[in-house]
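Asks: See work.cif below, with mmCIF, C-alpha atoms.
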data_start
loop_
_atom_site.group_PDB
_atom_site.id
_atom_site.type_symbol
_atom_site.label_atom_id
_atom_site.label_comp_id
_atom_site.auth_asym_id
_atom_site.auth_seq_id
_atom_site.Cartn_x
_atom_site.Cartn_y
_atom_site.Cartn_z
ATOM 1 C CA MET A 1 8.018 -12.669 28.533
ATOM 2 C CA LEU A 2 10.188 -9.761 27.360
ATOM 3 C CA LEU A 3 8.629 -7.360 24.817
ATOM 4 C CA LEU A 4 11.026 -5.851 22.269
ATOM 5 C CA THR A 5 10.539 -3.247 19.572
ATOM 6 C CA SER A 6 12.843 -2.342 16.713
ATOM 7 C CA SER A 7 13.693 1.027 18.272
ATOM 8 C CA GLU A 8 14.542 -0.635 21.595
ATOM 9 C CA MET A 9 16.827 -3.129 19.850
ATOM 10 C CA LYS A 10 18.519 -0.275 17.946
ATOM 11 C CA THR A 11 19.119 1.539 21.233
ATOM 12 C CA TRP A 12 20.686 -1.638 22.670
ATOM 13 C CA LEU A 13 22.968 -2.093 19.663
ATOM 14 C CA ASN A 14 23.998 1.557 19.741
ATOM 15 C CA CYS A 15 24.561 1.901 23.513
ATOM 16 C CA GLN A 16 23.732 -0.699 26.157
ATOM 17 C CA ARG A 17 23.985 1.902 28.937
ATOM 18 C CA GLY A 18 21.507 4.128 27.077
ATOM 19 C CA TRP A 19 19.163 1.149 26.773
ATOM 20 C CA TRP A 20 19.546 0.364 30.492
ATOM 21 C CA LEU A 21 18.785 3.969 31.493
ATOM 22 C CA SER A 22 15.915 4.623 29.087
ATOM 23 C CA HIS A 23 14.193 1.264 28.629
ATOM 24 C CA TYR A 24 15.028 -0.743 31.748
ATOM 25 C CA LEU A 25 15.016 2.044 34.350
ATOM 26 C CA CYS A 26 12.548 4.206 32.336
ATOM 27 C CA MET A 27 14.598 7.333 33.061
ATOM 28 C CA ARG A 28 14.052 10.508 31.058
ATOM 29 C CA ARG A 29 15.692 13.918 31.049
ATOM 30 C CA LYS A 30 14.103 16.292 33.513
ATOM 31 C CA HIS A 31 13.733 19.080 30.949
ATOM 32 C CA GLU A 32 13.576 17.487 27.547
ATOM 33 C CA MET A 33 13.354 19.855 24.597
ATOM 34 C CA SER A 34 10.281 19.219 22.491
ATOM 35 C CA SER A 35 11.085 17.356 19.345
ATOM 36 C CA LEU A 36 9.430 18.018 16.038
ATOM 37 C CA PRO A 37 8.019 15.281 13.846
ATOM 38 C CA SER A 38 10.577 14.115 11.313
ATOM 39 C CA VAL A 39 10.041 14.147 7.563
ATOM 40 C CA GLY A 40 9.317 10.418 7.866
ATOM 41 C CA ASN A 41 6.595 11.106 10.453
ATOM 42 C CA HIS A 42 4.983 13.672 8.141
ATOM 43 C CA VAL A 43 5.110 11.288 5.171
ATOM 44 C CA HIS A 44 3.625 8.378 7.135
ATOM 45 C CA ALA A 45 0.853 10.532 8.623
ATOM 46 C CA GLY A 46 0.045 12.003 5.205
ATOM 47 C CA LEU A 47 -0.132 8.603 3.503
ATOM 48 C CA GLU A 48 -2.254 7.157 6.313
ATOM 49 C CA ALA A 49 -4.729 10.068 6.033
ATOM 50 C CA TYR A 50 -4.750 9.724 2.223
ATOM 51 C CA TYR A 51 -5.400 5.983 2.134
ATOM 52 C CA CYS A 52 -7.997 6.251 4.946
ATOM 53 C CA GLY A 53 -9.820 8.854 2.800
ATOM 54 C CA ASP A 54 -9.358 11.705 5.274
ATOM 55 C CA VAL A 55 -7.586 14.058 2.799
ATOM 56 C CA GLY A 56 -7.579 14.575 -0.969
ATOM 57 C CA ARG A 57 -3.774 14.747 -1.104
ATOM 58 C CA PRO A 58 -1.431 13.667 1.696
ATOM 59 C CA SER A 59 0.425 16.981 1.495
ATOM 60 C CA ASP A 60 -2.796 18.687 2.691
ATOM 61 C CA LEU A 61 -2.257 17.079 6.104
ATOM 62 C CA VAL A 62 1.406 18.153 6.160
ATOM 63 C CA ALA A 63 0.372 21.786 5.564
ATOM 64 C CA LYS A 64 -2.196 21.590 8.365
ATOM 65 C CA ARG A 65 0.317 20.046 10.782
ATOM 66 C CA ALA A 66 3.015 22.577 9.836
ATOM 67 C CA ASN A 67 0.668 25.516 10.447
ATOM 68 C CA SER A 68 -0.216 24.112 13.856
ATOM 69 C CA MET A 69 3.466 23.625 14.766
ATOM 70 C CA LEU A 70 4.395 27.122 13.545
ATOM 71 C CA THR A 71 1.858 28.532 15.993
ATOM 72 C CA GLU A 72 3.126 26.376 18.848
ATOM 73 C CA PHE A 73 6.883 26.676 18.138
ATOM 74 C CA PRO A 74 7.517 29.977 16.277
ATOM 75 C CA GLU A 75 11.210 29.847 17.275
ATOM 76 C CA LEU A 76 11.566 26.663 15.160
ATOM 77 C CA SER A 77 9.881 28.084 12.069
ATOM 78 C CA THR A 78 12.880 27.524 9.771
ATOM 79 C CA GLN A 79 13.093 23.796 10.570
ATOM 80 C CA ILE A 80 9.323 23.314 10.491
ATOM 81 C CA SER A 81 9.043 24.996 7.068
ATOM 82 C CA LYS A 82 12.023 23.079 5.673
ATOM 83 C CA ASP A 83 10.656 19.693 6.826
ATOM 84 C CA ALA A 84 7.137 20.486 5.602
ATOM 85 C CA GLU A 85 8.486 21.510 2.181
ATOM 86 C CA LEU A 86 10.536 18.306 1.776
ATOM 87 C CA SER A 87 7.608 16.170 2.972
ATOM 88 C CA THR A 88 5.281 17.885 0.506
ATOM 89 C CA ILE A 89 7.696 17.314 -2.388
ATOM 90 C CA MET A 90 8.026 13.625 -1.487
ATOM 91 C CA LEU A 91 4.295 13.067 -1.014
ATOM 92 C CA ASP A 92 3.228 14.940 -4.149
ATOM 93 C CA GLY A 93 5.857 13.034 -6.140
ATOM 94 C CA TYR A 94 4.584 9.725 -4.772
ATOM 95 C CA ILE A 95 0.943 10.532 -5.540
ATOM 96 C CA ASP A 96 1.856 11.713 -9.064
ATOM 97 C CA TRP A 97 3.874 8.515 -9.629
ATOM 98 C CA VAL A 98 0.973 6.334 -8.427
ATOM 99 C CA ALA A 99 -1.419 8.202 -10.765
ATOM 100 C CA GLU A 100 0.948 7.883 -13.750
ATOM 101 C CA THR A 101 1.827 4.211 -13.260
ATOM 102 C CA GLY A 102 -1.380 2.898 -11.705
ATOM 103 C CA ALA A 103 0.844 1.216 -9.102
ATOM 104 C CA ASP A 104 -1.998 0.855 -6.601
ATOM 105 C CA SER A 105 -4.915 0.471 -9.039
ATOM 106 C CA ASP A 106 -5.208 -3.253 -8.198
ATOM 107 C CA LEU A 107 -5.102 -2.579 -4.455
ATOM 108 C CA GLU A 108 -7.950 -2.081 -2.012
ATOM 109 C CA PHE A 109 -7.023 -0.359 1.260
ATOM 110 C CA VAL A 110 -7.542 -2.498 4.398
ATOM 111 C CA ALA A 111 -5.800 -0.775 7.334
ATOM 112 C CA ALA A 112 -2.977 1.563 8.354
ATOM 113 C CA GLU A 113 -0.465 1.531 11.198
ATOM 114 C CA GLN A 114 -1.303 -1.914 12.542
ATOM 115 C CA THR A 115 0.727 -3.218 15.470
ATOM 116 C CA VAL A 116 1.872 -6.837 15.154
ATOM 117 C CA GLU A 117 3.522 -9.112 17.697
ATOM 118 C CA VAL A 118 5.403 -12.357 17.183
ATOM 119 C CA GLU A 119 6.646 -14.725 19.875
ATOM 120 C CA VAL A 120 10.241 -15.848 19.327
ATOM 121 C CA GLY A 121 11.539 -17.998 22.167
ATOM 122 C CA PRO A 122 11.408 -15.950 25.375
ATOM 123 C CA PHE A 123 10.754 -12.706 23.468
ATOM 124 C CA HIS A 124 7.721 -10.927 22.099
ATOM 125 C CA LEU A 125 8.750 -8.845 19.094
ATOM 126 C CA ARG A 126 6.496 -5.880 18.325
ATOM 127 C CA GLY A 127 6.391 -3.844 15.143
ATOM 128 C CA LYS A 128 4.067 -1.772 12.991
ATOM 129 C CA ILE A 129 2.862 -2.309 9.456
ATOM 130 C CA ASP A 130 2.517 1.000 7.600
ATOM 131 C CA SER A 131 -0.428 -0.071 5.476
ATOM 132 C CA ARG A 132 -2.247 -3.226 4.443
ATOM 133 C CA PHE A 133 -4.019 -3.746 1.141
ATOM 134 C CA ARG A 134 -5.928 -6.536 -0.555
ATOM 135 C CA GLN A 135 -5.024 -7.228 -4.144
ATOM 136 C CA LYS A 136 -8.283 -7.069 -6.134
ATOM 137 C CA SER A 137 -7.158 -9.511 -8.809
ATOM 138 C CA ASP A 138 -6.493 -12.481 -6.511
ATOM 139 C CA GLY A 139 -7.456 -11.419 -2.961
ATOM 140 C CA ALA A 140 -3.872 -11.615 -1.649
ATOM 141 C CA LEU A 141 -3.027 -9.447 1.354
ATOM 142 C CA ILE A 142 -0.218 -6.968 0.675
ATOM 143 C CA MET A 143 1.781 -5.020 3.240
ATOM 144 C CA LEU A 144 3.361 -1.753 2.142
ATOM 145 C CA GLU A 145 6.194 -0.116 4.066
ATOM 146 C CA HIS A 146 6.838 3.473 3.054
ATOM 147 C CA LYS A 147 10.431 4.562 3.626
ATOM 148 C CA THR A 148 12.060 7.970 3.492
ATOM 149 C CA CYS A 149 15.772 8.667 3.558
ATOM 150 C CA GLY A 150 18.027 11.705 3.736
#
Show this structure as structure tokens.
Replies:
Amino acid sequence: MLLLTSSEMKTWLNCQRGWWLSHYLCMRRKHEMSSLPSVGNHVHAGLEAYYCGDVGRPSDLVAKRANSMLTEFPELSTQISKDAELSTIMLDGYIDWVAETGADSDLEFVAAEQTVEVEVGPFHLRGKIDSRFRQKSDGALIMLEHKTCG
């Protein structure tokens, strides 16, 4: 059975040769430049830590991660600082909005970053759920997907 992820399917749609080289042949560049976490990665990590109860505010985790990256990659300090600042603005805005509106007051946190698989014909499709909640009022399970965009 063939296992597919969303990122693998995107690679295929963008460039079949790229898919063949990277996913089928598992080839990688010999000297690949380290890549920094994107704003989306920071936001997801911050929200996961927040809902798991590991931090008071999700932006606290972003600051900790940024400080660690600044030590490891001082030559990328401009990009690291820029991404951390945007992530902090987005996360603080989200937390303030949730506090003002009570948007998650009826929700009880269940889990974060759960991998799910579904069999569709000869394929296994794999994805991740950002966070799962149970609605207190009726017990319904809710899945939240947090999205960022440029």
Asks: For the PyMOL selection byres ((chain A and resi 43-60) around 8), applied here, can you spell out every residue it catches as a ChimeraX atom specification?
Replies: /A:39-42,61-64,87-88,90-92,95,109,111-113,130-131,146,148
Asks: Store the residues picked out above, limited to C-alpha atoms, as an mmCIF file, keeping the file's coordinate frame.
Replies:
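Written file, result-v8.cif:
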data_model
loop_
_atom_site.group_PDB
_atom_site.id
_atom_site.type_symbol
_atom_site.label_atom_id
_atom_site.label_comp_id
_atom_site.auth_asym_id
_atom_site.auth_seq_id
_atom_site.Cartn_x
_atom_site.Cartn_y
_atom_site.Cartn_z
ATOM 1 C CA VAL A 39 10.041 14.147 7.563
ATOM 2 C CA GLY A 40 9.317 10.418 7.866
ATOM 3 C CA ASN A 41 6.595 11.106 10.453
ATOM 4 C CA HIS A 42 4.983 13.672 8.141
ATOM 5 C CA LEU A 61 -2.257 17.079 6.104
ATOM 6 C CA VAL A 62 1.406 18.153 6.160
ATOM 7 C CA ALA A 63 0.372 21.786 5.564
ATOM 8 C CA LYS A 64 -2.196 21.590 8.365
ATOM 9 C CA SER A 87 7.608 16.170 2.972
ATOM 10 C CA THR A 88 5.281 17.885 0.506
ATOM 11 C CA MET A 90 8.026 13.625 -1.487
ATOM 12 C CA LEU A 91 4.295 13.067 -1.014
ATOM 13 C CA ASP A 92 3.228 14.940 -4.149
ATOM 14 C CA ILE A 95 0.943 10.532 -5.540
ATOM 15 C CA PHE A 109 -7.023 -0.359 1.260
ATOM 16 C CA ALA A 111 -5.800 -0.775 7.334
ATOM 17 C CA ALA A 112 -2.977 1.563 8.354
ATOM 18 C CA GLU A 113 -0.465 1.531 11.198
ATOM 19 C CA ASP A 130 2.517 1.000 7.600
ATOM 20 C CA SER A 131 -0.428 -0.071 5.476
ATOM 21 C CA HIS A 146 6.838 3.473 3.054
ATOM 22 C CA THR A 148 12.060 7.970 3.492
#
Asks: Centre and edge lengths, as lines of an AutoDock Vina configuration file, for the axis-aligned box enclosing every listed atom of region 68-83 of chain A with 5 Å of padding on each of the six sides, in Å to one decimal?
Replies:
center_x = 6.4
center_y = 24.8
center_z = 12.3
size_x = 23.3
size_y = 20.3
size_z = 23.2
Asks: Using all atoms listed in the file, which residue out of A:Val116, A:Met143, A:Cys149, A:Ile80 lies closest to Leu4 (chain A)?
Replies: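 Closest to Leu4 (chain A) of all the choices is A:Val116.
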Asks: Please compute the CA of Glu145 (chain A)-CA of Leu125 (chain A) distance, one decimal, in Å.
Replies: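 Result for CA of Glu145 (chain A) versus CA of Leu125 (chain A): 17.6 Å, one decimal.
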Asks: For region 8-23 of chain A, find every residue with an atom within 12 Å (counting all atoms listed in the file), except residues of its own chain fewer than 4 positions away, and show them as a PyMOL selection string.
Replies: chain A and resi 2-4+27-29+123+125-127
Asks: CA of Lys147 (chain A) and CA of Val110 (chain A) are how many Å apart?
Replies: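 Taking CA of Lys147 (chain A) and CA of Val110 (chain A), their separation equals 19.3 Å.
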Asks: Let me make sure I understand: among A:Leu36, A:Leu107, A:Gly102, A:Tyr24, which one has the smallest atom-to-atom distance to Arg132 (chain A) if we use all atoms listed in the file?
Replies: A:Leu107
Asks: For region 16-27 of chain A, supply all heavy atoms and format the output as a PDB file, keeping the file's coordinate frame.
Replies:
ATOM      1  N   GLN A  16      24.411   0.107  25.147  1.00  0.00           N
ATOM      2  CA  GLN A  16      23.732  -0.699  26.157  1.00  0.00           C
ATOM      3  C   GLN A  16      23.404   0.117  27.412  1.00  0.00           C
ATOM      4  O   GLN A  16      22.375  -0.080  28.038  1.00  0.00           O
ATOM      5  CB  GLN A  16      24.567  -1.930  26.556  1.00  0.00           C
ATOM      6  CG  GLN A  16      24.620  -2.991  25.484  1.00  0.00           C
ATOM      7  CD  GLN A  16      25.730  -2.760  24.476  1.00  0.00           C
ATOM      8  OE1 GLN A  16      26.725  -2.126  24.780  1.00  0.00           O
ATOM      9  NE2 GLN A  16      25.551  -3.260  23.265  1.00  0.00           N
ATOM     10  N   ARG A  17      24.262   1.054  27.772  1.00  0.00           N
ATOM     11  CA  ARG A  17      23.985   1.902  28.937  1.00  0.00           C
ATOM     12  C   ARG A  17      22.757   2.786  28.667  1.00  0.00           C
ATOM     13  O   ARG A  17      21.901   2.961  29.529  1.00  0.00           O
ATOM     14  CB  ARG A  17      25.189   2.767  29.293  1.00  0.00           C
ATOM     15  CG  ARG A  17      24.955   3.633  30.520  1.00  0.00           C
ATOM     16  CD  ARG A  17      26.254   4.303  30.977  1.00  0.00           C
ATOM     17  NE  ARG A  17      26.056   5.273  32.016  1.00  0.00           N
ATOM     18  CZ  ARG A  17      25.824   4.987  33.296  1.00  0.00           C
ATOM     19  NH1 ARG A  17      25.770   3.739  33.690  1.00  0.00           N
ATOM     20  NH2 ARG A  17      25.665   5.952  34.180  1.00  0.00           N
ATOM     21  N   GLY A  18      22.678   3.332  27.454  1.00  0.00           N
ATOM     22  CA  GLY A  18      21.507   4.128  27.077  1.00  0.00           C
ATOM     23  C   GLY A  18      20.230   3.302  27.143  1.00  0.00           C
ATOM     24  O   GLY A  18      19.190   3.777  27.598  1.00  0.00           O
ATOM     25  N   TRP A  19      20.317   2.036  26.693  1.00  0.00           N
ATOM     26  CA  TRP A  19      19.163   1.149  26.773  1.00  0.00           C
ATOM     27  C   TRP A  19      18.783   0.924  28.226  1.00  0.00           C
ATOM     28  O   TRP A  19      17.615   0.999  28.599  1.00  0.00           O
ATOM     29  CB  TRP A  19      19.470  -0.194  26.106  1.00  0.00           C
ATOM     30  CG  TRP A  19      18.382  -1.202  26.345  1.00  0.00           C
ATOM     31  CD1 TRP A  19      17.259  -1.378  25.592  1.00  0.00           C
ATOM     32  CD2 TRP A  19      18.290  -2.132  27.435  1.00  0.00           C
ATOM     33  NE1 TRP A  19      16.470  -2.363  26.139  1.00  0.00           N
ATOM     34  CE2 TRP A  19      17.085  -2.842  27.272  1.00  0.00           C
ATOM     35  CE3 TRP A  19      19.099  -2.429  28.521  1.00  0.00           C
ATOM     36  CZ2 TRP A  19      16.679  -3.832  28.160  1.00  0.00           C
ATOM     37  CZ3 TRP A  19      18.694  -3.416  29.398  1.00  0.00           C
ATOM     38  CH2 TRP A  19      17.499  -4.108  29.218  1.00  0.00           C
ATOM     39  N   TRP A  20      19.780   0.643  29.081  1.00  0.00           N
ATOM     40  CA  TRP A  20      19.546   0.364  30.492  1.00  0.00           C
ATOM     41  C   TRP A  20      18.854   1.554  31.171  1.00  0.00           C
ATOM     42  O   TRP A  20      17.892   1.387  31.907  1.00  0.00           O
ATOM     43  CB  TRP A  20      20.868   0.021  31.172  1.00  0.00           C
ATOM     44  CG  TRP A  20      20.765  -0.310  32.623  1.00  0.00           C
ATOM     45  CD1 TRP A  20      20.201  -1.429  33.176  1.00  0.00           C
ATOM     46  CD2 TRP A  20      21.223   0.488  33.709  1.00  0.00           C
ATOM     47  NE1 TRP A  20      20.288  -1.375  34.541  1.00  0.00           N
ATOM     48  CE2 TRP A  20      20.921  -0.206  34.905  1.00  0.00           C
ATOM     49  CE3 TRP A  20      21.877   1.714  33.802  1.00  0.00           C
ATOM     50  CZ2 TRP A  20      21.233   0.282  36.154  1.00  0.00           C
ATOM     51  CZ3 TRP A  20      22.196   2.195  35.052  1.00  0.00           C
ATOM     52  CH2 TRP A  20      21.874   1.493  36.206  1.00  0.00           C
ATOM     53  N   LEU A  21      19.356   2.776  30.872  1.00  0.00           N
ATOM     54  CA  LEU A  21      18.785   3.969  31.493  1.00  0.00           C
ATOM     55  C   LEU A  21      17.374   4.267  30.974  1.00  0.00           C
ATOM     56  O   LEU A  21      16.469   4.568  31.751  1.00  0.00           O
ATOM     57  CB  LEU A  21      19.693   5.181  31.239  1.00  0.00           C
ATOM     58  CG  LEU A  21      21.038   5.163  31.960  1.00  0.00           C
ATOM     59  CD1 LEU A  21      21.941   6.265  31.417  1.00  0.00           C
ATOM     60  CD2 LEU A  21      20.848   5.303  33.455  1.00  0.00           C
ATOM     61  N   SER A  22      17.192   4.196  29.658  1.00  0.00           N
ATOM     62  CA  SER A  22      15.915   4.623  29.087  1.00  0.00           C
ATOM     63  C   SER A  22      14.840   3.539  29.071  1.00  0.00           C
ATOM     64  O   SER A  22      13.677   3.819  29.368  1.00  0.00           O
ATOM     65  CB  SER A  22      16.121   5.163  27.671  1.00  0.00           C
ATOM     66  OG  SER A  22      16.615   4.145  26.824  1.00  0.00           O
ATOM     67  N   HIS A  23      15.215   2.311  28.751  1.00  0.00           N
ATOM     68  CA  HIS A  23      14.193   1.264  28.629  1.00  0.00           C
ATOM     69  C   HIS A  23      14.030   0.428  29.901  1.00  0.00           C
ATOM     70  O   HIS A  23      12.911   0.069  30.261  1.00  0.00           O
ATOM     71  CB  HIS A  23      14.501   0.355  27.437  1.00  0.00           C
ATOM     72  CG  HIS A  23      14.343   1.048  26.125  1.00  0.00           C
ATOM     73  ND1 HIS A  23      13.116   1.221  25.521  1.00  0.00           N
ATOM     74  CD2 HIS A  23      15.248   1.649  25.313  1.00  0.00           C
ATOM     75  CE1 HIS A  23      13.272   1.878  24.389  1.00  0.00           C
ATOM     76  NE2 HIS A  23      14.555   2.152  24.241  1.00  0.00           N
ATOM     77  N   TYR A  24      15.112   0.101  30.554  1.00  0.00           N
ATOM     78  CA  TYR A  24      15.028  -0.743  31.748  1.00  0.00           C
ATOM     79  C   TYR A  24      14.631   0.071  32.983  1.00  0.00           C
ATOM     80  O   TYR A  24      13.722  -0.288  33.714  1.00  0.00           O
ATOM     81  CB  TYR A  24      16.356  -1.466  31.984  1.00  0.00           C
ATOM     82  CG  TYR A  24      16.304  -2.471  33.100  1.00  0.00           C
ATOM     83  CD1 TYR A  24      15.723  -3.725  32.898  1.00  0.00           C
ATOM     84  CD2 TYR A  24      16.825  -2.170  34.354  1.00  0.00           C
ATOM     85  CE1 TYR A  24      15.665  -4.650  33.923  1.00  0.00           C
ATOM     86  CE2 TYR A  24      16.773  -3.091  35.389  1.00  0.00           C
ATOM     87  CZ  TYR A  24      16.190  -4.328  35.171  1.00  0.00           C
ATOM     88  OH  TYR A  24      16.131  -5.248  36.190  1.00  0.00           O
ATOM     89  N   LEU A  25      15.329   1.199  33.196  1.00  0.00           N
ATOM     90  CA  LEU A  25      15.016   2.044  34.350  1.00  0.00           C
ATOM     91  C   LEU A  25      13.946   3.091  34.056  1.00  0.00           C
ATOM     92  O   LEU A  25      13.487   3.781  34.958  1.00  0.00           O
ATOM     93  CB  LEU A  25      16.290   2.747  34.858  1.00  0.00           C
ATOM     94  CG  LEU A  25      17.382   1.834  35.427  1.00  0.00           C
ATOM     95  CD1 LEU A  25      18.584   2.665  35.863  1.00  0.00           C
ATOM     96  CD2 LEU A  25      16.852   1.000  36.582  1.00  0.00           C
ATOM     97  N   CYS A  26      13.567   3.239  32.776  1.00  0.00           N
ATOM     98  CA  CYS A  26      12.548   4.206  32.336  1.00  0.00           C
ATOM     99  C   CYS A  26      12.892   5.635  32.760  1.00  0.00           C
ATOM    100  O   CYS A  26      12.013   6.413  33.148  1.00  0.00           O
ATOM    101  CB  CYS A  26      11.169   3.818  32.848  1.00  0.00           C
ATOM    102  SG  CYS A  26      10.615   2.215  32.251  1.00  0.00           S
ATOM    103  N   MET A  27      14.167   5.978  32.696  1.00  0.00           N
ATOM    104  CA  MET A  27      14.598   7.333  33.061  1.00  0.00           C
ATOM    105  C   MET A  27      14.497   8.247  31.849  1.00  0.00           C
ATOM    106  O   MET A  27      14.741   7.833  30.720  1.00  0.00           O
ATOM    107  CB  MET A  27      16.031   7.305  33.588  1.00  0.00           C
ATOM    108  CG  MET A  27      16.172   6.540  34.896  1.00  0.00           C
ATOM    109  SD  MET A  27      17.871   6.471  35.457  1.00  0.00           S
ATOM    110  CE  MET A  27      18.052   8.139  36.076  1.00  0.00           C
TER     111      MET A  27
END
